[in-house]
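Structure file protein.txt (compact mmCIF, C-alpha atoms) is printed below.
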```txt
# COMPACT_ATOMS: atom_id res chain seq x y z
CA MET T 1 72.64 200.97 72.27
CA ILE T 2 74.46 202.72 69.44
CA ARG T 3 73.01 204.91 66.72
CA CYS T 4 74.99 207.03 64.27
CA ALA T 5 73.77 209.10 61.35
CA ILE T 6 74.87 211.57 58.70
CA VAL T 7 71.99 214.04 58.31
CA THR T 8 71.11 216.87 55.95
CA THR T 9 68.53 218.57 58.17
CA PRO T 10 68.98 220.40 61.51
CA ILE T 11 70.11 218.22 64.42
CA ASP T 12 67.76 218.01 67.41
CA PRO T 13 69.95 217.49 70.51
CA ALA T 14 66.90 216.82 72.73
CA ALA T 15 66.01 213.85 70.55
CA LEU T 16 69.51 212.41 70.99
CA LEU T 17 69.32 212.87 74.76
CA ALA T 18 65.95 211.13 74.87
CA GLU T 19 67.36 208.21 72.87
CA VAL T 20 70.28 207.41 75.18
CA THR T 21 68.63 208.19 78.51
CA MET T 22 66.71 205.46 80.35
CA PRO T 23 65.78 204.67 83.95
CA ALA T 24 69.13 202.91 84.57
CA THR T 25 71.26 205.82 83.28
CA GLY T 26 72.10 208.36 85.95
CA ALA T 27 74.58 210.36 83.86
CA THR T 28 74.22 211.77 80.38
CA THR T 29 76.65 214.00 78.47
CA LEU T 30 75.89 215.98 75.35
CA PHE T 31 78.59 217.44 73.09
CA ILE T 32 77.46 219.93 70.49
CA GLY T 33 79.71 221.36 67.80
CA THR T 34 78.53 224.60 66.19
CA VAL T 35 79.78 226.83 63.40
CA ARG T 36 82.12 229.48 64.84
CA ASP T 37 82.43 233.04 63.53
CA VAL T 38 86.23 233.21 63.33
CA ASN T 39 88.84 230.62 62.34
CA GLU T 40 92.57 231.31 62.12
CA GLY T 41 91.80 234.99 62.43
CA ARG T 42 89.41 235.14 59.47
CA ALA T 43 85.70 236.05 59.71
CA VAL T 44 83.56 233.07 58.72
CA THR T 45 80.02 233.36 57.38
CA GLY T 46 79.29 229.65 57.10
CA ILE T 47 80.74 226.19 56.55
CA GLU T 48 79.87 223.73 53.81
CA TYR T 49 80.27 220.21 55.18
CA SER T 50 80.61 217.23 52.87
CA ALA T 51 81.21 213.56 53.59
CA TYR T 52 82.10 210.20 52.13
CA THR T 53 78.77 209.23 53.56
CA ALA T 54 78.98 205.43 53.49
CA MET T 55 82.43 205.31 55.08
CA ALA T 56 81.71 208.19 57.48
CA LEU T 57 78.75 206.27 58.84
CA GLU T 58 80.73 203.05 59.21
CA GLU T 59 83.65 204.86 60.87
CA MET T 60 81.31 206.62 63.30
CA GLU T 61 79.78 203.24 64.17
CA ARG T 62 83.25 201.72 64.69
CA ILE T 63 84.16 204.59 67.03
CA ALA T 64 80.89 204.25 68.96
CA ARG T 65 81.41 200.49 69.35
CA GLU T 66 84.98 201.11 70.58
CA ALA T 67 83.61 203.62 73.10
CA SER T 68 81.01 201.16 74.29
CA LEU T 69 83.71 198.50 74.79
CA MET T 70 86.18 200.87 76.47
CA PHE T 71 83.67 202.64 78.70
CA ASP T 72 81.50 199.90 80.19
CA GLY T 73 78.71 199.70 77.63
CA VAL T 74 77.84 203.39 77.37
CA ARG T 75 74.77 204.22 75.28
CA VAL T 76 75.70 206.40 72.30
CA ALA T 77 73.85 208.51 69.73
CA VAL T 78 75.87 210.55 67.21
CA GLU T 79 74.71 212.74 64.35
CA HIS T 80 76.89 214.72 61.94
CA ARG T 81 75.25 217.16 59.56
CA VAL T 82 76.36 217.89 55.99
CA GLY T 83 75.50 220.78 53.69
CA LEU T 84 75.85 224.54 54.14
CA LEU T 85 75.57 225.61 57.77
CA VAL T 86 75.47 229.20 59.01
CA LEU T 87 76.94 230.56 62.26
CA GLN T 88 75.81 228.77 65.43
CA GLU T 89 74.14 225.92 63.58
CA ILE T 90 74.91 222.47 64.97
CA SER T 91 77.33 220.43 62.86
CA VAL T 92 77.72 217.49 65.24
CA ALA T 93 76.00 216.20 68.37
CA ILE T 94 77.10 213.32 70.58
CA ALA T 95 74.92 212.04 73.43
CA VAL T 96 76.33 209.43 75.83
CA ALA T 97 74.58 207.87 78.81
CA HIS T 98 75.70 205.50 81.57
CA ALA T 99 74.73 204.64 85.10
CA ARG T 100 77.69 206.73 86.36
CA ARG T 101 79.24 210.00 85.23
CA ALA T 102 82.86 208.97 84.59
CA PRO T 103 82.18 206.58 81.66
CA ALA T 104 79.66 209.02 80.17
CA ILE T 105 82.09 211.96 80.29
CA ASP T 106 85.16 209.99 79.18
CA ALA T 107 83.32 208.29 76.32
CA GLY T 108 81.95 211.60 75.05
CA ARG T 109 85.46 213.04 74.90
CA PHE T 110 86.82 209.91 73.23
CA ILE T 111 84.11 209.93 70.56
CA ILE T 112 84.53 213.58 69.49
CA GLU T 113 88.33 213.30 69.40
CA GLU T 114 88.24 210.10 67.32
CA LEU T 115 85.51 211.52 65.06
CA LYS T 116 87.66 214.55 64.26
CA ARG T 117 90.67 212.32 63.61
CA ARG T 118 89.05 209.52 61.60
CA VAL T 119 85.62 210.23 60.13
CA PRO T 120 85.78 211.24 56.44
CA VAL T 121 83.98 214.57 56.66
CA TRP T 122 85.35 217.78 55.17
CA LYS T 123 84.55 221.42 55.62
CA GLN T 124 84.91 224.34 53.27
CA GLU T 125 84.87 227.63 55.12
CA HIS T 126 83.12 230.58 53.54
CA TYR T 127 84.70 233.90 54.50
CA VAL T 128 83.24 237.39 54.65
CA ASP T 129 85.32 238.43 51.62
CA GLY T 130 83.73 235.66 49.54
CA GLU T 131 86.72 233.32 49.49
CA ARG T 132 86.14 229.63 50.17
CA VAL T 133 88.85 227.37 51.56
CA TRP T 134 88.99 223.65 52.37
CA VAL T 135 90.05 223.25 55.99
CA ASP T 136 93.16 221.08 56.37
CA PRO T 137 93.90 220.40 60.04
CA THR T 138 97.20 218.73 59.06
CA ALA T 139 98.52 221.77 57.19
CA THR T 140 99.84 223.50 60.29
CA LEU T 141 101.44 220.39 61.75
CA VAL T 142 105.22 220.18 61.72
CA PRO T 143 106.32 216.95 60.07
CA VAL T 144 108.01 214.61 62.50
CA SER T 145 111.21 213.06 61.14
CA ALA T 146 111.92 209.40 61.79
CA ALA T 147 114.24 208.85 64.75
CA MET V 1 96.52 195.92 32.84
CA THR V 2 93.20 196.59 34.48
CA GLN V 3 91.05 199.62 35.13
CA LEU V 4 89.99 200.69 38.63
CA GLN V 5 87.64 203.46 39.70
CA VAL V 6 88.83 205.72 42.52
CA LEU V 7 86.43 207.92 44.50
CA LEU V 8 87.57 211.47 45.23
CA PHE V 9 86.26 213.98 47.75
CA ALA V 10 86.54 217.61 48.84
CA SER V 11 89.84 219.25 47.80
CA TYR V 12 90.89 216.17 45.79
CA ALA V 13 87.62 216.16 43.83
CA ASP V 14 88.22 219.86 43.09
CA ALA V 15 91.80 219.21 41.97
CA PHE V 16 90.90 216.31 39.66
CA GLY V 17 87.68 218.03 38.54
CA SER V 18 85.56 214.98 39.35
CA GLY V 19 84.21 212.87 42.21
CA ALA V 20 85.66 209.75 40.62
CA VAL V 21 88.41 208.87 38.16
CA THR V 22 89.41 205.68 36.37
CA VAL V 23 93.05 204.61 36.49
CA THR V 24 94.84 201.94 34.50
CA VAL V 25 97.14 199.78 36.63
CA PRO V 26 99.14 196.55 36.22
CA GLU V 27 97.54 193.31 37.33
CA PRO V 28 97.75 192.25 40.13
CA ALA V 29 97.61 195.84 41.38
CA THR V 30 98.56 197.48 44.66
CA SER V 31 97.57 200.73 46.33
CA ALA V 32 101.00 202.09 45.28
CA ASP V 33 100.12 201.46 41.61
CA VAL V 34 96.86 203.37 42.09
CA LEU V 35 98.68 206.35 43.62
CA THR V 36 101.29 206.36 40.84
CA ALA V 37 98.53 206.37 38.21
CA LEU V 38 96.66 209.15 40.01
CA ARG V 39 99.77 211.34 40.11
CA SER V 40 100.06 211.16 36.33
CA LEU V 41 96.54 212.56 35.84
CA PRO V 42 95.79 216.30 35.56
CA GLY V 43 95.45 217.53 39.14
CA GLY V 44 97.60 214.70 40.49
CA SER V 45 100.34 217.08 41.60
CA VAL V 46 98.11 218.18 44.49
CA LEU V 47 98.53 214.83 46.25
CA PRO V 48 100.74 214.76 49.36
CA ALA V 49 103.73 212.43 49.71
CA ALA V 50 101.66 209.73 51.41
CA PRO V 51 97.97 210.12 50.55
CA VAL V 52 95.44 208.16 52.59
CA LEU V 53 93.58 205.43 50.74
CA ALA V 54 90.46 203.60 51.87
CA VAL V 55 89.39 200.24 50.48
CA ASP V 56 85.84 199.06 51.05
CA ARG V 57 85.28 201.95 53.46
CA ARG V 58 88.24 201.14 55.70
CA TYR V 59 91.57 202.98 55.96
CA THR V 60 94.58 201.16 54.58
CA ARG V 61 98.14 201.34 55.90
CA GLY V 62 101.21 200.80 53.76
CA VAL V 63 100.92 199.05 50.41
CA VAL V 64 97.93 196.74 50.01
CA PRO V 65 96.59 194.68 47.10
CA VAL V 66 93.62 196.17 45.25
CA HIS V 67 91.36 194.73 42.60
CA ALA V 68 88.30 195.55 40.53
CA GLY V 69 85.08 195.35 42.46
CA GLN V 70 86.51 196.99 45.57
CA GLU V 71 85.40 200.46 46.63
CA ILE V 72 88.64 202.45 46.41
CA ALA V 73 88.69 206.02 47.73
CA LEU V 74 91.31 208.68 48.26
CA ILE V 75 90.75 210.49 51.55
CA PRO V 76 91.92 214.12 51.94
CA PRO V 77 92.81 215.31 55.46
CA VAL V 78 89.53 215.00 57.36
CA ALA V 79 88.00 218.00 59.11
CA GLY V 80 84.73 216.93 60.66
CA GLY V 81 83.19 218.05 63.90
```
Can you present the structure in this file as structure tokens?
Amino acid sequence: MIRCAIVTTPIDPAALLAEVTMPATGATTLFIGTVRDVNEGRAVTGIEYSAYTAMALEEMERIAREASLMFDGVRVAVEHRVGLLVLQEISVAIAVAHARRAPAIDAGRFIIEELKRRVPVWKQEHYVDGERVWVDPTATLVPVSAA
Amino acid sequence: MTQLQVLLFASYADAFGSGAVTVTVPEPATSADVLTALRSLPGGSVLPAAPVLAVDRRYTRGVVPVHAGQEIALIPPVAGG
């Protein structure tokens, strides 16, 4: 069972848990990403998330299918929200269930890491001073020269 | 020559002032032709050395053929989660 969605309304983590959990699943993990008050030392008031919705959905589904293949058929529900979110609002939720804990935990970690690396979603941080900046996670990386 | 539409998002949409632009490229065209055409447009200087291109909602690697009718999109560094 795999379900992924890009949503514009608040995410209900309990609904995701209920979707993936069944009598045969003895282990369920839930990852929740929320809007944090400080990033790179600057006070944040909110984050505006946007997406290439069609591709983001397909990429999330590819990641979930990979997780299901790699981690023994785990059951996965993923929702990513777009729009303007204020502090502590949920931007992403990932529920994973399996008969045993190891696949559920490992798959949850795999899915959030791949989502952050691959899913075409962007965030523009709104700061206390009114400035708005697109977040570029690659900007602080040191380029690696070819060996 | 042929015309292709390219979808733009986030910082790239801001730089080009639009969520989509039309580029004129030789036929048959490649992703490299699309990037060259994009760089010549106002806002094109914002593009990094190797921008990420998606065709039909999948990431491409290296130079790939492109043609009208495909969904071509330029993907800024992603920052979901």
Exercise. Using atom CA of V:Thr30 and atom CA of V:Gly62 as the two end points, give the distance in Å to one decimal.
Key: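 Between atom CA of V:Thr30 and atom CA of V:Gly62 the gap is 10.0 Å.
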Quiz item: Which is closest to chain V among T:Glu59, T:Glu89, T:Glu40, T:Glu131, if we use only C-alpha atoms?
Solution: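 Ranked by minimum distance to chain V, first place goes to T:Glu59.
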Self-check item: Proximal residues of chain T relative to chain V (all atoms listed in the file; 8 Å) as a VMD selection string
Solution: chain T and resid 33 49 to 52 54 to 55 58 to 59 80 91 to 92 112 115 to 123 134 to 138
Self-check item: Sel. within 12 Å of pt (84.9, 205.7, 73.4), counting all atoms listed in the file, output as a PyMOL selection string
Solution: chain T and resi 2+60-78+94-97+102-115
Exercise. Work out how far atom CA of T:Met22 is from atom CA of T:Ala99, in Å to one decimal.
Key: 9.4 Å
Completion step: stretch 71-106 of chain T with N, CA and C atoms as a PDB file, in the coordinates of the input:
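Ended up saving to out.pdb:
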```pdb
ATOM      1  N   PHE T  71      84.292 201.903  77.593  1.00  0.00           N
ATOM      2  CA  PHE T  71      83.670 202.640  78.700  1.00  0.00           C
ATOM      3  C   PHE T  71      82.382 201.945  79.156  1.00  0.00           C
ATOM      4  N   ASP T  72      82.517 200.636  79.440  1.00  0.00           N
ATOM      5  CA  ASP T  72      81.500 199.900  80.190  1.00  0.00           C
ATOM      6  C   ASP T  72      80.096 199.987  79.571  1.00  0.00           C
ATOM      7  N   GLY T  73      80.029 199.809  78.255  1.00  0.00           N
ATOM      8  CA  GLY T  73      78.710 199.700  77.630  1.00  0.00           C
ATOM      9  C   GLY T  73      77.893 200.964  77.590  1.00  0.00           C
ATOM     10  N   VAL T  74      78.576 202.117  77.464  1.00  0.00           N
ATOM     11  CA  VAL T  74      77.840 203.390  77.370  1.00  0.00           C
ATOM     12  C   VAL T  74      76.862 203.351  76.195  1.00  0.00           C
ATOM     13  N   ARG T  75      75.771 204.077  76.349  1.00  0.00           N
ATOM     14  CA  ARG T  75      74.770 204.220  75.280  1.00  0.00           C
ATOM     15  C   ARG T  75      75.124 205.463  74.469  1.00  0.00           C
ATOM     16  N   VAL T  76      75.151 205.333  73.148  1.00  0.00           N
ATOM     17  CA  VAL T  76      75.700 206.400  72.300  1.00  0.00           C
ATOM     18  C   VAL T  76      74.747 206.742  71.158  1.00  0.00           C
ATOM     19  N   ALA T  77      74.534 208.037  70.946  1.00  0.00           N
ATOM     20  CA  ALA T  77      73.850 208.510  69.730  1.00  0.00           C
ATOM     21  C   ALA T  77      74.683 209.657  69.160  1.00  0.00           C
ATOM     22  N   VAL T  78      75.026 209.544  67.876  1.00  0.00           N
ATOM     23  CA  VAL T  78      75.870 210.550  67.210  1.00  0.00           C
ATOM     24  C   VAL T  78      75.223 210.961  65.892  1.00  0.00           C
ATOM     25  N   GLU T  79      75.143 212.250  65.655  1.00  0.00           N
ATOM     26  CA  GLU T  79      74.710 212.740  64.350  1.00  0.00           C
ATOM     27  C   GLU T  79      75.686 213.800  63.856  1.00  0.00           C
ATOM     28  N   HIS T  80      76.079 213.687  62.581  1.00  0.00           N
ATOM     29  CA  HIS T  80      76.890 214.720  61.940  1.00  0.00           C
ATOM     30  C   HIS T  80      76.094 215.248  60.763  1.00  0.00           C
ATOM     31  N   ARG T  81      76.017 216.573  60.654  1.00  0.00           N
ATOM     32  CA  ARG T  81      75.250 217.160  59.560  1.00  0.00           C
ATOM     33  C   ARG T  81      76.163 217.503  58.390  1.00  0.00           C
ATOM     34  N   VAL T  82      75.643 217.429  57.181  1.00  0.00           N
ATOM     35  CA  VAL T  82      76.360 217.890  55.990  1.00  0.00           C
ATOM     36  C   VAL T  82      75.506 218.928  55.269  1.00  0.00           C
ATOM     37  N   GLY T  83      76.178 219.698  54.394  1.00  0.00           N
ATOM     38  CA  GLY T  83      75.500 220.780  53.690  1.00  0.00           C
ATOM     39  C   GLY T  83      76.011 222.118  54.196  1.00  0.00           C
ATOM     40  N   LEU T  84      75.398 223.188  53.748  1.00  0.00           N
ATOM     41  CA  LEU T  84      75.850 224.540  54.140  1.00  0.00           C
ATOM     42  C   LEU T  84      75.200 224.953  55.456  1.00  0.00           C
ATOM     43  N   LEU T  85      76.051 225.204  56.454  1.00  0.00           N
ATOM     44  CA  LEU T  85      75.570 225.610  57.770  1.00  0.00           C
ATOM     45  C   LEU T  85      76.005 227.047  58.044  1.00  0.00           C
ATOM     46  N   VAL T  86      75.125 227.823  58.654  1.00  0.00           N
ATOM     47  CA  VAL T  86      75.470 229.200  59.010  1.00  0.00           C
ATOM     48  C   VAL T  86      75.931 229.244  60.464  1.00  0.00           C
ATOM     49  N   LEU T  87      76.394 230.420  60.912  1.00  0.00           N
ATOM     50  CA  LEU T  87      76.940 230.560  62.260  1.00  0.00           C
ATOM     51  C   LEU T  87      75.969 230.023  63.305  1.00  0.00           C
ATOM     52  N   GLN T  88      76.528 229.322  64.269  1.00  0.00           N
ATOM     53  CA  GLN T  88      75.810 228.770  65.430  1.00  0.00           C
ATOM     54  C   GLN T  88      74.958 227.545  65.115  1.00  0.00           C
ATOM     55  N   GLU T  89      74.878 227.155  63.854  1.00  0.00           N
ATOM     56  CA  GLU T  89      74.140 225.920  63.580  1.00  0.00           C
ATOM     57  C   GLU T  89      74.963 224.721  64.059  1.00  0.00           C
ATOM     58  N   ILE T  90      74.269 223.661  64.420  1.00  0.00           N
ATOM     59  CA  ILE T  90      74.910 222.470  64.970  1.00  0.00           C
ATOM     60  C   ILE T  90      75.422 221.577  63.844  1.00  0.00           C
ATOM     61  N   SER T  91      76.745 221.319  63.865  1.00  0.00           N
ATOM     62  CA  SER T  91      77.330 220.430  62.860  1.00  0.00           C
ATOM     63  C   SER T  91      77.411 218.999  63.368  1.00  0.00           C
ATOM     64  N   VAL T  92      77.609 218.837  64.677  1.00  0.00           N
ATOM     65  CA  VAL T  92      77.720 217.490  65.240  1.00  0.00           C
ATOM     66  C   VAL T  92      77.146 217.481  66.652  1.00  0.00           C
ATOM     67  N   ALA T  93      76.497 216.385  67.000  1.00  0.00           N
ATOM     68  CA  ALA T  93      76.000 216.200  68.370  1.00  0.00           C
ATOM     69  C   ALA T  93      76.266 214.766  68.792  1.00  0.00           C
ATOM     70  N   ILE T  94      76.757 214.631  70.029  1.00  0.00           N
ATOM     71  CA  ILE T  94      77.100 213.320  70.580  1.00  0.00           C
ATOM     72  C   ILE T  94      76.465 213.211  71.958  1.00  0.00           C
ATOM     73  N   ALA T  95      75.535 212.280  72.115  1.00  0.00           N
ATOM     74  CA  ALA T  95      74.920 212.040  73.430  1.00  0.00           C
ATOM     75  C   ALA T  95      75.395 210.690  73.940  1.00  0.00           C
ATOM     76  N   VAL T  96      75.832 210.666  75.211  1.00  0.00           N
ATOM     77  CA  VAL T  96      76.330 209.430  75.830  1.00  0.00           C
ATOM     78  C   VAL T  96      75.698 209.290  77.205  1.00  0.00           C
ATOM     79  N   ALA T  97      75.186 208.111  77.499  1.00  0.00           N
ATOM     80  CA  ALA T  97      74.580 207.870  78.810  1.00  0.00           C
ATOM     81  C   ALA T  97      75.119 206.596  79.446  1.00  0.00           C
ATOM     82  N   HIS T  98      75.219 206.634  80.782  1.00  0.00           N
ATOM     83  CA  HIS T  98      75.700 205.500  81.570  1.00  0.00           C
ATOM     84  C   HIS T  98      75.109 205.635  82.962  1.00  0.00           C
ATOM     85  N   ALA T  99      75.203 204.569  83.726  1.00  0.00           N
ATOM     86  CA  ALA T  99      74.730 204.640  85.100  1.00  0.00           C
ATOM     87  C   ALA T  99      75.496 205.697  85.890  1.00  0.00           C
ATOM     88  N   ARG T 100      76.809 205.830  85.601  1.00  0.00           N
ATOM     89  CA  ARG T 100      77.690 206.730  86.360  1.00  0.00           C
ATOM     90  C   ARG T 100      78.331 207.770  85.452  1.00  0.00           C
ATOM     91  N   ARG T 101      78.773 208.877  86.053  1.00  0.00           N
ATOM     92  CA  ARG T 101      79.240 210.000  85.230  1.00  0.00           C
ATOM     93  C   ARG T 101      80.576 209.770  84.529  1.00  0.00           C
ATOM     94  N   ALA T 102      81.518 209.056  85.173  1.00  0.00           N
ATOM     95  CA  ALA T 102      82.860 208.970  84.590  1.00  0.00           C
ATOM     96  C   ALA T 102      82.841 208.329  83.187  1.00  0.00           C
ATOM     97  N   PRO T 103      82.203 207.157  83.018  1.00  0.00           N
ATOM     98  CA  PRO T 103      82.180 206.580  81.660  1.00  0.00           C
ATOM     99  C   PRO T 103      81.466 207.488  80.662  1.00  0.00           C
ATOM    100  N   ALA T 104      80.407 208.158  81.090  1.00  0.00           N
ATOM    101  CA  ALA T 104      79.660 209.020  80.170  1.00  0.00           C
ATOM    102  C   ALA T 104      80.525 210.193  79.697  1.00  0.00           C
ATOM    103  N   ILE T 105      81.242 210.811  80.635  1.00  0.00           N
ATOM    104  CA  ILE T 105      82.090 211.960  80.290  1.00  0.00           C
ATOM    105  C   ILE T 105      83.287 211.513  79.445  1.00  0.00           C
ATOM    106  N   ASP T 106      83.957 210.446  79.887  1.00  0.00           N
ATOM    107  CA  ASP T 106      85.160 209.990  79.180  1.00  0.00           C
ATOM    108  C   ASP T 106      84.819 209.500  77.768  1.00  0.00           C
TER     109      ASP T 106
END
```
